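The next block holds one structure in the form of structure tokens; read it before the comments.
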Amino acid sequence: MKSIQDLDTSGARAAETFVHGGTRYLVVPQLAVDVPGQPAMITVGDSDIDALVYCWQGEGFVPHARLPVPGGEDAEFFEIDGRAFLATASLKSGTGPYDLNVHSTIFELKDGAFTEFQRVPTFAAKQWKHFAIGERHFLALAQGVTMEGSQPRHPSKSMLCEWNGERFVEFQQVESAWGYNFAFFRIDGQCFLAYADHVAPSRILRWNGERFEDFQLLDGKTGRAFQFFEAEGQAWLAFACLHDNTVLLRWDGNRFVAHQTLSGPGGREFVWHEDADGGELIQINFLLGSREAPITALTSVGYRFADGKLVPQREFPTFGGTDACVFDEGGQRYLVVANSLGADIRFRTPSKVYRLDAKTGGRP
């Protein structure tokens with residue numbers, strides 16, 4: 001794996017890439033920018049900044065647009081009936097005191113231009129996840145916090161919204177407190193949603209034909225993200241926890257069971273990509289320690305299966321790593337990693353674009 005580009009980002013919280021109209025885009029929401037004179041802390045900064053939109057040109061990304069996404073946490077691209085949308089999640093606004101009651105914006109993409117389509121009242125929004133069941137389209141929203149002094153004026157529970165042909169409307173709330181992530185997947189014709197929460201139990205929900213219902217509660221505190229994938233003839237679910245172990249779960253035909261501990265604390269996000277060698281699970285690590293005294297210079301890991309277990313095959317440095325995505329262009333495979341916080345606990349830290357080895361799937 002070779003670093004080919006540094007992206008000038010500040011508090012990058014996600015990396016979403018997609019192709020529309022023959023152009024590859026990359027969207028990087030940003031949490032905050034450093035304020036001169038403020039101490040180096042993850043809880044400060046100016047959150048009234050833009051999400052960055054890039055286009056692929058030649059052998060790298062070039063700036064394309066900026067979108068008003070204060071306290072940006074996520075961007076999710078999807079299409080419905082030939083229309084292209086980008087749902088963005090905003091955690092907060094302001095420069096202090098901060099307001100967690102923010103409108104998160106869904107943009108529509110036409111001819112390379114992003115225009116506001118719908119503003120959704122959210123409370124400390126972290127992530128959108130689009131999925132479809134039959135002809136029905138849904139957006140799952142992970143949101144909420146339980147910090148003292150944070151008073152919700154907007155809906156605060158994580159929830160599912162459904163497309164009604166004109167816009168998204170609330171469909172179902174999810175038992176939640178401090179939501180971070182949804183992952184949608186299918187097994188044996190059944191539809192599931194995995195939901196990660198920092199405070200409430202993380203859980204797996206199953207579609208009963210009318211709505212999602214609790215299927216399985218998971219061990220592990222401070223849930224952050226899931227990655228479902230199929231490999232070695234089995235179905236797997238990786239589960240990242242920030243202050244607990246990050247684990248790999250295996251579907252036994254009826255439920256998910258513990259299979260392997262991948263790492264200790266620090267886990268934040270995953271990306272799975274298949275290749276000629278089977279596939280690789282990349283785990284992005286965020287930080288160790290507390291919000292007040294974080295250690296952000298960590299090592300993230302790429303795993304591959306060997307003898308029924310995931311084994312580290314490569315390591316690479318991340319700085320408050322929050323997300324990653326893999327894509328193919330011109331016969332090459334690339335990895336984008338979002339870094340949110342430098343070793344000096346400042347938001348201004350570059351996100352990275354790597355080129356992976358196409359012949360070996362990126363092994364060192």
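The way I read the labels, and the way they are meant: chains A, B, ... in the order of the structure tokens, residue 1 as the first residue of every chain, and ligand 1 as the first ligand shown, with later ones counted on from there.
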
Excluding Arg66 of chain A and any residue of its chain fewer than 5 positions from it, enumerate the residues within 6 Å of it, using only C-alpha atoms, and give them as JSON, numbers by chain. {"A": [50, 51, 52, 53]}

Limited to N, CA, C and O atoms, could you put the picked residues into a file as a PDB file, in the first residue's frame?
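Output (result_34.pdb):
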ATOM      1  N   ASP A  50     -17.752  23.484   6.373  1.00  0.00           N
ATOM      2  CA  ASP A  50     -18.363  22.777   5.250  1.00  0.00           C
ATOM      3  C   ASP A  50     -17.854  21.340   5.145  1.00  0.00           C
ATOM      4  O   ASP A  50     -16.756  21.015   5.610  1.00  0.00           O
ATOM      5  N   ALA A  51     -18.660  20.523   4.481  1.00  0.00           N
ATOM      6  CA  ALA A  51     -18.189  19.236   3.995  1.00  0.00           C
ATOM      7  C   ALA A  51     -17.472  19.467   2.672  1.00  0.00           C
ATOM      8  O   ALA A  51     -17.870  20.321   1.869  1.00  0.00           O
ATOM      9  N   LEU A  52     -16.406  18.717   2.435  1.00  0.00           N
ATOM     10  CA  LEU A  52     -15.616  18.863   1.220  1.00  0.00           C
ATOM     11  C   LEU A  52     -16.051  17.835   0.185  1.00  0.00           C
ATOM     12  O   LEU A  52     -16.241  16.657   0.509  1.00  0.00           O
ATOM     13  N   VAL A  53     -16.219  18.274  -1.052  1.00  0.00           N
ATOM     14  CA  VAL A  53     -16.553  17.385  -2.153  1.00  0.00           C
ATOM     15  C   VAL A  53     -15.408  17.427  -3.158  1.00  0.00           C
ATOM     16  O   VAL A  53     -15.009  18.504  -3.622  1.00  0.00           O
TER      17      VAL A  53
END

List as a tab-separated table every residue of segment 250-342 of chain A that is in contact with segment 222-246 of chain A, defined as an atom at most 8 Å from one of its atoms (using only C-alpha atoms), together with the nearest atom pair and the distance in Å rounded to one decimal, sorted by chain and then rising number.
residue	atom	partner	partner_atom	distance
A:Arg250	CA	A:Trp236	CA	4.8
A:Trp251	CA	A:Ala235	CA	5.5
A:Phe256	CA	A:Leu237	CA	7.8
A:Thr261	CA	A:Thr246	CA	6.2
A:Leu262	CA	A:Thr246	CA	5.6
A:Ser263	CA	A:Thr246	CA	5.3
A:Gly264	CA	A:Asn245	CA	4.3
A:Pro265	CA	A:His243	CA	4.6
A:Gly266	CA	A:Leu242	CA	4.6
A:Gly267	CA	A:Ala240	CA	4.9
A:Arg268	CA	A:Arg224	CA	5.5
A:Glu269	CA	A:Ala225	CA	5.4
A:Phe270	CA	A:Gln227	CA	6.1
A:Val271	CA	A:Gln227	CA	6.9
A:Trp272	CA	A:Phe229	CA	7.1
A:Gly278	CA	A:Ala231	CA	7.2
A:Gly279	CA	A:Ala231	CA	7.6
A:Phe286	CA	A:Leu242	CA	7.6
A:Leu287	CA	A:Leu242	CA	7.7
A:Leu288	CA	A:His243	CA	7.7
A:Phe305	CA	A:Glu232	CA	8.0
A:Gly308	CA	A:Glu232	CA	7.7

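Ranking A:Leu100, A:Ala132, A:Thr122, A:Asp34 by their shortest atom-to-atom distance to Gly149 of chain A, with only C-alpha atoms included, puts A:Leu100 first.
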
Residues within 9 Å of Phe192 of chain A, please, as number ranges by chain. Count only C-alpha atoms; anything in the same chain fewer than 5 positions from it doesn't count. A: 183-187, 204-207, 212, 215

For those residues, write all heavy atoms to a file as a CSV table (one decimal), in the first residue's frame.
chain,number,residue,atom,x,y,z
A,183,ALA,N,-26.0,-0.9,10.3
A,183,ALA,CA,-25.6,-1.7,9.1
A,183,ALA,C,-26.8,-2.6,8.7
A,183,ALA,O,-27.3,-3.3,9.6
A,183,ALA,CB,-24.4,-2.5,9.5
A,184,PHE,N,-27.1,-2.6,7.5
A,184,PHE,CA,-28.2,-3.4,6.9
A,184,PHE,C,-27.6,-4.6,6.2
A,184,PHE,O,-26.6,-4.4,5.4
A,184,PHE,CB,-29.1,-2.6,6.0
A,184,PHE,CG,-30.2,-3.3,5.3
A,184,PHE,CD1,-31.3,-3.7,6.0
A,184,PHE,CD2,-30.0,-3.8,4.0
A,184,PHE,CE1,-32.3,-4.4,5.4
A,184,PHE,CE2,-31.0,-4.5,3.4
A,184,PHE,CZ,-32.2,-4.8,4.1
A,185,PHE,N,-28.2,-5.7,6.4
A,185,PHE,CA,-27.7,-6.9,5.6
A,185,PHE,C,-28.8,-8.0,5.6
A,185,PHE,O,-29.9,-7.9,6.3
A,185,PHE,CB,-26.5,-7.5,6.3
A,185,PHE,CG,-26.6,-7.8,7.8
A,185,PHE,CD1,-27.0,-9.1,8.2
A,185,PHE,CD2,-26.3,-6.8,8.7
A,185,PHE,CE1,-27.1,-9.4,9.6
A,185,PHE,CE2,-26.5,-7.1,10.1
A,185,PHE,CZ,-26.9,-8.4,10.5
A,186,ARG,N,-28.6,-8.9,4.7
A,186,ARG,CA,-29.6,-10.0,4.5
A,186,ARG,C,-28.9,-11.4,4.8
A,186,ARG,O,-27.7,-11.6,4.3
A,186,ARG,CB,-30.2,-10.0,3.1
A,186,ARG,CG,-31.1,-8.8,2.8
A,186,ARG,CD,-31.6,-8.9,1.4
A,186,ARG,NE,-32.7,-7.9,1.1
A,186,ARG,CZ,-32.5,-6.7,0.7
A,186,ARG,NH1,-31.2,-6.3,0.5
A,186,ARG,NH2,-33.5,-5.9,0.5
A,187,ILE,N,-29.6,-12.3,5.4
A,187,ILE,CA,-29.1,-13.7,5.6
A,187,ILE,C,-30.3,-14.6,5.4
A,187,ILE,O,-31.3,-14.4,6.0
A,187,ILE,CB,-28.6,-13.9,7.0
A,187,ILE,CG1,-27.4,-13.0,7.3
A,187,ILE,CG2,-28.1,-15.4,7.2
A,187,ILE,CD1,-26.8,-13.1,8.7
A,204,ILE,N,-29.2,-6.2,17.4
A,204,ILE,CA,-29.5,-6.5,16.0
A,204,ILE,C,-31.0,-6.6,15.9
A,204,ILE,O,-31.7,-7.2,16.8
A,204,ILE,CB,-28.9,-7.9,15.6
A,204,ILE,CG1,-27.4,-7.8,15.7
A,204,ILE,CG2,-29.4,-8.3,14.2
A,204,ILE,CD1,-26.7,-9.1,15.5
A,205,LEU,N,-31.6,-5.9,14.9
A,205,LEU,CA,-33.0,-5.9,14.7
A,205,LEU,C,-33.4,-6.8,13.5
A,205,LEU,O,-32.5,-6.9,12.5
A,205,LEU,CB,-33.5,-4.5,14.5
A,205,LEU,CG,-33.2,-3.5,15.6
A,205,LEU,CD1,-32.8,-2.2,15.0
A,205,LEU,CD2,-34.3,-3.4,16.6
A,206,ARG,N,-34.5,-7.4,13.4
A,206,ARG,CA,-35.0,-8.2,12.3
A,206,ARG,C,-36.3,-7.7,11.7
A,206,ARG,O,-37.2,-7.3,12.5
A,206,ARG,CB,-35.1,-9.6,12.6
A,206,ARG,CG,-35.5,-10.6,11.5
A,206,ARG,CD,-35.3,-12.0,11.9
A,206,ARG,NE,-36.2,-12.3,13.0
A,206,ARG,CZ,-36.3,-13.6,13.5
A,206,ARG,NH1,-35.5,-14.5,13.1
A,206,ARG,NH2,-37.1,-13.8,14.6
A,207,TRP,N,-36.4,-7.6,10.4
A,207,TRP,CA,-37.6,-7.2,9.7
A,207,TRP,C,-38.7,-8.3,9.8
A,207,TRP,O,-38.4,-9.4,9.4
A,207,TRP,CB,-37.3,-6.8,8.3
A,207,TRP,CG,-38.4,-6.4,7.4
A,207,TRP,CD1,-39.1,-7.1,6.5
A,207,TRP,CD2,-39.1,-5.1,7.5
A,207,TRP,NE1,-40.1,-6.3,5.9
A,207,TRP,CE2,-40.1,-5.1,6.5
A,207,TRP,CE3,-38.9,-4.0,8.3
A,207,TRP,CZ2,-40.9,-4.0,6.3
A,207,TRP,CZ3,-39.7,-2.9,8.1
A,207,TRP,CH2,-40.7,-2.9,7.1
A,212,PHE,N,-39.2,-3.3,12.1
A,212,PHE,CA,-38.0,-4.0,12.7
A,212,PHE,C,-38.3,-4.3,14.2
A,212,PHE,O,-38.8,-3.4,14.9
A,212,PHE,CB,-36.7,-3.2,12.5
A,212,PHE,CG,-36.1,-3.3,11.1
A,212,PHE,CD1,-36.5,-2.3,10.2
A,212,PHE,CD2,-35.3,-4.3,10.8
A,212,PHE,CE1,-35.9,-2.4,8.9
A,212,PHE,CE2,-34.8,-4.4,9.5
A,212,PHE,CZ,-35.1,-3.4,8.6
A,215,PHE,N,-34.0,-8.5,17.8
A,215,PHE,CA,-33.6,-9.9,17.5
A,215,PHE,C,-32.5,-10.4,18.5
A,215,PHE,O,-32.6,-11.5,19.0
A,215,PHE,CB,-33.2,-10.0,16.1
A,215,PHE,CG,-32.6,-11.4,15.7
A,215,PHE,CD1,-33.5,-12.4,15.5
A,215,PHE,CD2,-31.3,-11.6,15.5
A,215,PHE,CE1,-33.0,-13.7,15.1
A,215,PHE,CE2,-30.8,-12.8,15.2
A,215,PHE,CZ,-31.6,-13.9,15.0

As a list of chain:residue names, please: the residues near Gly58 of chain A (cut-off 12 Å, only C-alpha atoms, same-chain neighbours under 2 positions excluded). A:Thr23, A:Arg24, A:Cys55, A:Trp56, A:Gly60, A:Phe61, A:Val62, A:Glu329, A:Gly330

Residues from last step as file, all heavy atoms, as a PDB file, in the first residue's frame:
ATOM      1  N   THR A  23     -18.700  10.475 -13.286  1.00  0.00           N
ATOM      2  CA  THR A  23     -17.688  11.124 -12.452  1.00  0.00           C
ATOM      3  C   THR A  23     -17.631  10.469 -11.083  1.00  0.00           C
ATOM      4  O   THR A  23     -18.662  10.196 -10.478  1.00  0.00           O
ATOM      5  CB  THR A  23     -18.006  12.621 -12.275  1.00  0.00           C
ATOM      6  OG1 THR A  23     -17.985  13.259 -13.554  1.00  0.00           O
ATOM      7  CG2 THR A  23     -16.997  13.301 -11.362  1.00  0.00           C
ATOM      8  N   ARG A  24     -16.404  10.206 -10.622  1.00  0.00           N
ATOM      9  CA  ARG A  24     -16.253   9.697  -9.245  1.00  0.00           C
ATOM     10  C   ARG A  24     -16.116  10.869  -8.291  1.00  0.00           C
ATOM     11  O   ARG A  24     -15.284  11.757  -8.487  1.00  0.00           O
ATOM     12  CB  ARG A  24     -15.038   8.782  -9.109  1.00  0.00           C
ATOM     13  CG  ARG A  24     -14.787   8.370  -7.636  1.00  0.00           C
ATOM     14  CD  ARG A  24     -13.816   7.247  -7.482  1.00  0.00           C
ATOM     15  NE  ARG A  24     -14.302   6.008  -8.074  1.00  0.00           N
ATOM     16  CZ  ARG A  24     -15.207   5.197  -7.504  1.00  0.00           C
ATOM     17  NH1 ARG A  24     -15.738   5.526  -6.324  1.00  0.00           N
ATOM     18  NH2 ARG A  24     -15.570   4.091  -8.093  1.00  0.00           N
ATOM     19  N   CYS A  55     -13.583  15.504  -6.795  1.00  0.00           N
ATOM     20  CA  CYS A  55     -13.772  14.681  -7.988  1.00  0.00           C
ATOM     21  C   CYS A  55     -12.447  14.007  -8.332  1.00  0.00           C
ATOM     22  O   CYS A  55     -11.377  14.606  -8.152  1.00  0.00           O
ATOM     23  CB  CYS A  55     -14.231  15.518  -9.175  1.00  0.00           C
ATOM     24  SG  CYS A  55     -15.942  16.033  -9.106  1.00  0.00           S
ATOM     25  N   TRP A  56     -12.541  12.787  -8.835  1.00  0.00           N
ATOM     26  CA  TRP A  56     -11.339  12.071  -9.277  1.00  0.00           C
ATOM     27  C   TRP A  56     -10.914  12.600 -10.638  1.00  0.00           C
ATOM     28  O   TRP A  56     -11.724  12.697 -11.557  1.00  0.00           O
ATOM     29  CB  TRP A  56     -11.623  10.588  -9.349  1.00  0.00           C
ATOM     30  CG  TRP A  56     -10.429   9.768  -9.739  1.00  0.00           C
ATOM     31  CD1 TRP A  56     -10.102   9.306 -10.976  1.00  0.00           C
ATOM     32  CD2 TRP A  56      -9.398   9.312  -8.858  1.00  0.00           C
ATOM     33  NE1 TRP A  56      -8.934   8.591 -10.927  1.00  0.00           N
ATOM     34  CE2 TRP A  56      -8.478   8.576  -9.643  1.00  0.00           C
ATOM     35  CE3 TRP A  56      -9.169   9.450  -7.484  1.00  0.00           C
ATOM     36  CZ2 TRP A  56      -7.341   7.973  -9.100  1.00  0.00           C
ATOM     37  CZ3 TRP A  56      -8.035   8.854  -6.947  1.00  0.00           C
ATOM     38  CH2 TRP A  56      -7.142   8.129  -7.741  1.00  0.00           C
ATOM     39  N   GLY A  60      -5.763  11.296  -8.945  1.00  0.00           N
ATOM     40  CA  GLY A  60      -6.009  11.828  -7.612  1.00  0.00           C
ATOM     41  C   GLY A  60      -7.287  12.635  -7.571  1.00  0.00           C
ATOM     42  O   GLY A  60      -7.974  12.813  -8.584  1.00  0.00           O
ATOM     43  N   PHE A  61      -7.634  13.124  -6.383  1.00  0.00           N
ATOM     44  CA  PHE A  61      -8.847  13.908  -6.181  1.00  0.00           C
ATOM     45  C   PHE A  61      -8.533  15.402  -6.261  1.00  0.00           C
ATOM     46  O   PHE A  61      -7.497  15.860  -5.772  1.00  0.00           O
ATOM     47  CB  PHE A  61      -9.479  13.587  -4.831  1.00  0.00           C
ATOM     48  CG  PHE A  61     -10.149  12.242  -4.774  1.00  0.00           C
ATOM     49  CD1 PHE A  61      -9.555  11.181  -4.110  1.00  0.00           C
ATOM     50  CD2 PHE A  61     -11.373  12.046  -5.396  1.00  0.00           C
ATOM     51  CE1 PHE A  61     -10.177   9.939  -4.059  1.00  0.00           C
ATOM     52  CE2 PHE A  61     -12.006  10.811  -5.350  1.00  0.00           C
ATOM     53  CZ  PHE A  61     -11.405   9.761  -4.689  1.00  0.00           C
ATOM     54  N   VAL A  62      -9.455  16.144  -6.854  1.00  0.00           N
ATOM     55  CA  VAL A  62      -9.347  17.610  -6.911  1.00  0.00           C
ATOM     56  C   VAL A  62     -10.613  18.195  -6.301  1.00  0.00           C
ATOM     57  O   VAL A  62     -11.689  17.587  -6.359  1.00  0.00           O
ATOM     58  CB  VAL A  62      -9.165  18.107  -8.360  1.00  0.00           C
ATOM     59  CG1 VAL A  62      -7.867  17.588  -8.943  1.00  0.00           C
ATOM     60  CG2 VAL A  62     -10.348  17.699  -9.231  1.00  0.00           C
ATOM     61  N   GLU A 329     -10.348   2.411  -9.761  1.00  0.00           N
ATOM     62  CA  GLU A 329     -10.281   3.346 -10.878  1.00  0.00           C
ATOM     63  C   GLU A 329      -9.088   2.977 -11.759  1.00  0.00           C
ATOM     64  O   GLU A 329      -7.986   2.737 -11.249  1.00  0.00           O
ATOM     65  CB  GLU A 329     -10.112   4.796 -10.393  1.00  0.00           C
ATOM     66  CG  GLU A 329     -11.393   5.476  -9.953  1.00  0.00           C
ATOM     67  CD  GLU A 329     -12.336   5.773 -11.110  1.00  0.00           C
ATOM     68  OE1 GLU A 329     -11.870   5.915 -12.252  1.00  0.00           O
ATOM     69  OE2 GLU A 329     -13.556   5.864 -10.852  1.00  0.00           O
ATOM     70  N   GLY A 330      -9.315   2.915 -13.077  1.00  0.00           N
ATOM     71  CA  GLY A 330      -8.226   2.678 -14.014  1.00  0.00           C
ATOM     72  C   GLY A 330      -7.458   1.404 -13.761  1.00  0.00           C
ATOM     73  O   GLY A 330      -6.236   1.357 -13.981  1.00  0.00           O
TER      74      GLY A 330
END

Could you give me, as a ChimeraX atom specification, each residue of segment 158-282 of chain A that DSSP assigns to strand (DSSP E) when run on this structure's backbone? /A:159-163,168-173,179-187,190-197,203-207,212-217,223-231,234-241,246-251,256-263,267-273,280-282

Save out the residues we just selected, C-alpha atoms, as a PDB file, in the first residue's frame.
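That gives us out-v1.pdb:
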ATOM      1  CA  MET A 159     -34.918   6.164  14.030  1.00  0.00           C
ATOM      2  CA  LEU A 160     -35.842   4.931  10.581  1.00  0.00           C
ATOM      3  CA  CYS A 161     -37.310   7.203   7.936  1.00  0.00           C
ATOM      4  CA  GLU A 162     -39.163   5.982   4.843  1.00  0.00           C
ATOM      5  CA  TRP A 163     -39.432   7.519   1.374  1.00  0.00           C
ATOM      6  CA  PHE A 168     -38.500  11.026   3.906  1.00  0.00           C
ATOM      7  CA  VAL A 169     -40.864  10.737   6.872  1.00  0.00           C
ATOM      8  CA  GLU A 170     -40.367   9.074  10.258  1.00  0.00           C
ATOM      9  CA  PHE A 171     -41.225   5.377  10.150  1.00  0.00           C
ATOM     10  CA  GLN A 172     -39.973   3.829  13.403  1.00  0.00           C
ATOM     11  CA  GLN A 173     -37.963   4.791  16.476  1.00  0.00           C
ATOM     12  CA  GLY A 179     -26.375   6.299  18.624  1.00  0.00           C
ATOM     13  CA  TYR A 180     -23.457   5.870  16.217  1.00  0.00           C
ATOM     14  CA  ASN A 181     -24.057   3.380  13.438  1.00  0.00           C
ATOM     15  CA  PHE A 182     -26.469   1.191  11.486  1.00  0.00           C
ATOM     16  CA  ALA A 183     -25.596  -1.689   9.147  1.00  0.00           C
ATOM     17  CA  PHE A 184     -28.203  -3.389   6.935  1.00  0.00           C
ATOM     18  CA  PHE A 185     -27.735  -6.924   5.643  1.00  0.00           C
ATOM     19  CA  ARG A 186     -29.579 -10.039   4.526  1.00  0.00           C
ATOM     20  CA  ILE A 187     -29.114 -13.662   5.585  1.00  0.00           C
ATOM     21  CA  GLN A 190     -34.172 -12.338   6.169  1.00  0.00           C
ATOM     22  CA  CYS A 191     -33.443  -8.606   6.551  1.00  0.00           C
ATOM     23  CA  PHE A 192     -31.468  -7.352   9.553  1.00  0.00           C
ATOM     24  CA  LEU A 193     -30.282  -4.039  10.976  1.00  0.00           C
ATOM     25  CA  ALA A 194     -27.357  -3.905  13.380  1.00  0.00           C
ATOM     26  CA  TYR A 195     -27.383  -0.815  15.597  1.00  0.00           C
ATOM     27  CA  ALA A 196     -24.383   0.477  17.602  1.00  0.00           C
ATOM     28  CA  ASP A 197     -24.918   2.688  20.661  1.00  0.00           C
ATOM     29  CA  ARG A 203     -28.451  -4.716  19.130  1.00  0.00           C
ATOM     30  CA  ILE A 204     -29.526  -6.529  16.005  1.00  0.00           C
ATOM     31  CA  LEU A 205     -33.045  -5.934  14.697  1.00  0.00           C
ATOM     32  CA  ARG A 206     -34.954  -8.157  12.254  1.00  0.00           C
ATOM     33  CA  TRP A 207     -37.628  -7.175   9.731  1.00  0.00           C
ATOM     34  CA  PHE A 212     -38.026  -3.993  12.686  1.00  0.00           C
ATOM     35  CA  GLU A 213     -38.104  -5.789  16.033  1.00  0.00           C
ATOM     36  CA  ASP A 214     -35.370  -6.712  18.508  1.00  0.00           C
ATOM     37  CA  PHE A 215     -33.615  -9.916  17.523  1.00  0.00           C
ATOM     38  CA  GLN A 216     -30.387 -10.050  19.554  1.00  0.00           C
ATOM     39  CA  LEU A 217     -28.679  -7.874  22.176  1.00  0.00           C
ATOM     40  CA  GLY A 223     -20.483   0.470  20.372  1.00  0.00           C
ATOM     41  CA  ARG A 224     -19.264   2.318  17.280  1.00  0.00           C
ATOM     42  CA  ALA A 225     -19.750   0.371  14.040  1.00  0.00           C
ATOM     43  CA  PHE A 226     -20.535  -2.894  12.273  1.00  0.00           C
ATOM     44  CA  GLN A 227     -19.391  -4.573   9.080  1.00  0.00           C
ATOM     45  CA  PHE A 228     -21.281  -7.536   7.660  1.00  0.00           C
ATOM     46  CA  PHE A 229     -19.561  -9.719   5.075  1.00  0.00           C
ATOM     47  CA  GLU A 230     -19.518 -13.271   3.738  1.00  0.00           C
ATOM     48  CA  ALA A 231     -16.282 -15.240   3.451  1.00  0.00           C
ATOM     49  CA  GLN A 234     -19.945 -18.246   6.325  1.00  0.00           C
ATOM     50  CA  ALA A 235     -21.608 -14.961   7.309  1.00  0.00           C
ATOM     51  CA  TRP A 236     -19.733 -12.627   9.650  1.00  0.00           C
ATOM     52  CA  LEU A 237     -20.388  -9.443  11.602  1.00  0.00           C
ATOM     53  CA  ALA A 238     -17.483  -7.340  12.865  1.00  0.00           C
ATOM     54  CA  PHE A 239     -18.401  -5.105  15.828  1.00  0.00           C
ATOM     55  CA  ALA A 240     -16.199  -2.165  16.868  1.00  0.00           C
ATOM     56  CA  CYS A 241     -16.277  -0.710  20.386  1.00  0.00           C
ATOM     57  CA  THR A 246     -13.595  -5.087  18.938  1.00  0.00           C
ATOM     58  CA  VAL A 247     -14.856  -8.542  17.990  1.00  0.00           C
ATOM     59  CA  LEU A 248     -15.828 -10.815  15.106  1.00  0.00           C
ATOM     60  CA  LEU A 249     -19.196 -12.583  15.339  1.00  0.00           C
ATOM     61  CA  ARG A 250     -20.247 -15.651  13.288  1.00  0.00           C
ATOM     62  CA  TRP A 251     -23.750 -16.557  12.128  1.00  0.00           C
ATOM     63  CA  PHE A 256     -24.565 -14.394  15.926  1.00  0.00           C
ATOM     64  CA  VAL A 257     -22.035 -16.024  18.251  1.00  0.00           C
ATOM     65  CA  ALA A 258     -18.621 -14.869  19.415  1.00  0.00           C
ATOM     66  CA  HIS A 259     -15.858 -16.104  17.136  1.00  0.00           C
ATOM     67  CA  GLN A 260     -12.778 -13.967  17.753  1.00  0.00           C
ATOM     68  CA  THR A 261     -11.495 -10.891  19.571  1.00  0.00           C
ATOM     69  CA  LEU A 262      -9.838  -8.680  16.974  1.00  0.00           C
ATOM     70  CA  SER A 263      -8.398  -5.970  19.209  1.00  0.00           C
ATOM     71  CA  GLY A 267     -12.156   0.600  17.325  1.00  0.00           C
ATOM     72  CA  ARG A 268     -14.200   3.057  15.264  1.00  0.00           C
ATOM     73  CA  GLU A 269     -15.084   1.801  11.751  1.00  0.00           C
ATOM     74  CA  PHE A 270     -14.548  -0.944   9.134  1.00  0.00           C
ATOM     75  CA  VAL A 271     -14.429  -1.463   5.417  1.00  0.00           C
ATOM     76  CA  TRP A 272     -14.529  -4.889   3.729  1.00  0.00           C
ATOM     77  CA  HIS A 273     -13.372  -5.455   0.175  1.00  0.00           C
ATOM     78  CA  GLU A 280      -9.687  -8.000   3.548  1.00  0.00           C
ATOM     79  CA  LEU A 281     -11.338  -6.442   6.592  1.00  0.00           C
ATOM     80  CA  ILE A 282      -9.821  -3.051   7.369  1.00  0.00           C
TER      81      ILE A 282
END

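Across A:Asp81, A:Asp188, A:Thr95, A:Ala142, the tightest approach to Gly165 of chain A is made by A:Asp81 when counting only C-alpha atoms.
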
Name all residues at most 9 Å from Glu16 of chain A (count only C-alpha atoms; drop same-chain ones fewer than 4 positions away) and give them as a compact mmCIF listing (two decimals) with N, CA, C and O atoms, in the first residue's frame.
# COMPACT_ATOMS: atom_id res chain seq x y z
N TYR A 25 -16.94 10.84 -7.24
CA TYR A 25 -16.93 11.86 -6.19
C TYR A 25 -16.41 11.27 -4.88
O TYR A 25 -16.53 10.07 -4.62
N LEU A 26 -15.87 12.12 -4.05
CA LEU A 26 -15.52 11.79 -2.68
C LEU A 26 -16.04 12.91 -1.80
O LEU A 26 -15.74 14.09 -2.04
N VAL A 27 -16.84 12.58 -0.77
CA VAL A 27 -17.37 13.56 0.15
C VAL A 27 -16.77 13.31 1.54
O VAL A 27 -16.79 12.18 2.04
N VAL A 28 -16.23 14.37 2.15
CA VAL A 28 -15.60 14.28 3.46
C VAL A 28 -16.25 15.31 4.39
O VAL A 28 -15.91 16.49 4.36
N PRO A 29 -17.22 14.89 5.23
CA PRO A 29 -17.75 15.80 6.24
C PRO A 29 -16.67 16.12 7.28
O PRO A 29 -15.84 15.27 7.61
N ASP A 74 -21.27 12.54 8.84
CA ASP A 74 -21.46 11.44 7.89
C ASP A 74 -22.05 11.96 6.59
O ASP A 74 -22.67 13.03 6.55
N ALA A 75 -21.85 11.18 5.52
CA ALA A 75 -22.47 11.42 4.23
C ALA A 75 -22.80 10.07 3.62
O ALA A 75 -21.97 9.17 3.62
N GLU A 76 -24.02 9.94 3.10
CA GLU A 76 -24.50 8.68 2.53
C GLU A 76 -25.13 8.94 1.17
O GLU A 76 -26.12 9.67 1.06
N PHE A 77 -24.54 8.37 0.12
CA PHE A 77 -25.06 8.52 -1.23
C PHE A 77 -26.00 7.37 -1.56
O PHE A 77 -25.73 6.22 -1.22
N ASP A 323 -13.06 6.80 9.48
CA ASP A 323 -13.78 6.10 8.41
C ASP A 323 -12.80 5.74 7.31
O ASP A 323 -11.66 6.23 7.26
N ALA A 324 -13.28 4.89 6.39
CA ALA A 324 -12.48 4.51 5.22
C ALA A 324 -13.41 4.03 4.13
O ALA A 324 -14.55 3.62 4.39
N CYS A 325 -12.94 4.09 2.90
CA CYS A 325 -13.67 3.52 1.78
C CYS A 325 -12.67 3.00 0.76
O CYS A 325 -11.54 3.49 0.67
N VAL A 336 -9.27 5.22 0.86
CA VAL A 336 -9.30 6.55 1.46
C VAL A 336 -9.52 6.39 2.96
O VAL A 336 -10.42 5.66 3.38

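Comparing A:Phe347, A:Ser158, A:Ala14, A:Asp111 by their smallest distance to Ser47 of chain A, the closest is A:Phe347 (using only C-alpha atoms).
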
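Between Ile49 of chain A and the candidates A:Ile80, A:Val33, A:Leu86, A:Ile106, the tightest atom-to-atom separation, counting only C-alpha atoms, involves A:Val33.
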
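For the atom pair formed by atom CA of Ile42 of chain A and atom CA of Gly289 of chain A, the distance is 12.1 Å, given to one decimal.
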
Distance query Arg153 of chain A at most 12 Å, only C-alpha atoms, self and fewer than 2 positions along chain excluded, as number ranges by chain: A: 99-103, 121-124, 144, 150-151, 155-157

Distance query Val145 of chain A at most 7 Å, only C-alpha atoms, self and fewer than 2 positions along chain excluded, as a list in words: Ala124, Met147, Ala177 and Trp178 of chain A

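We find atom CA of Thr9 of chain A and atom CA of Gln57 of chain A to be spaced 18.6 Å apart.
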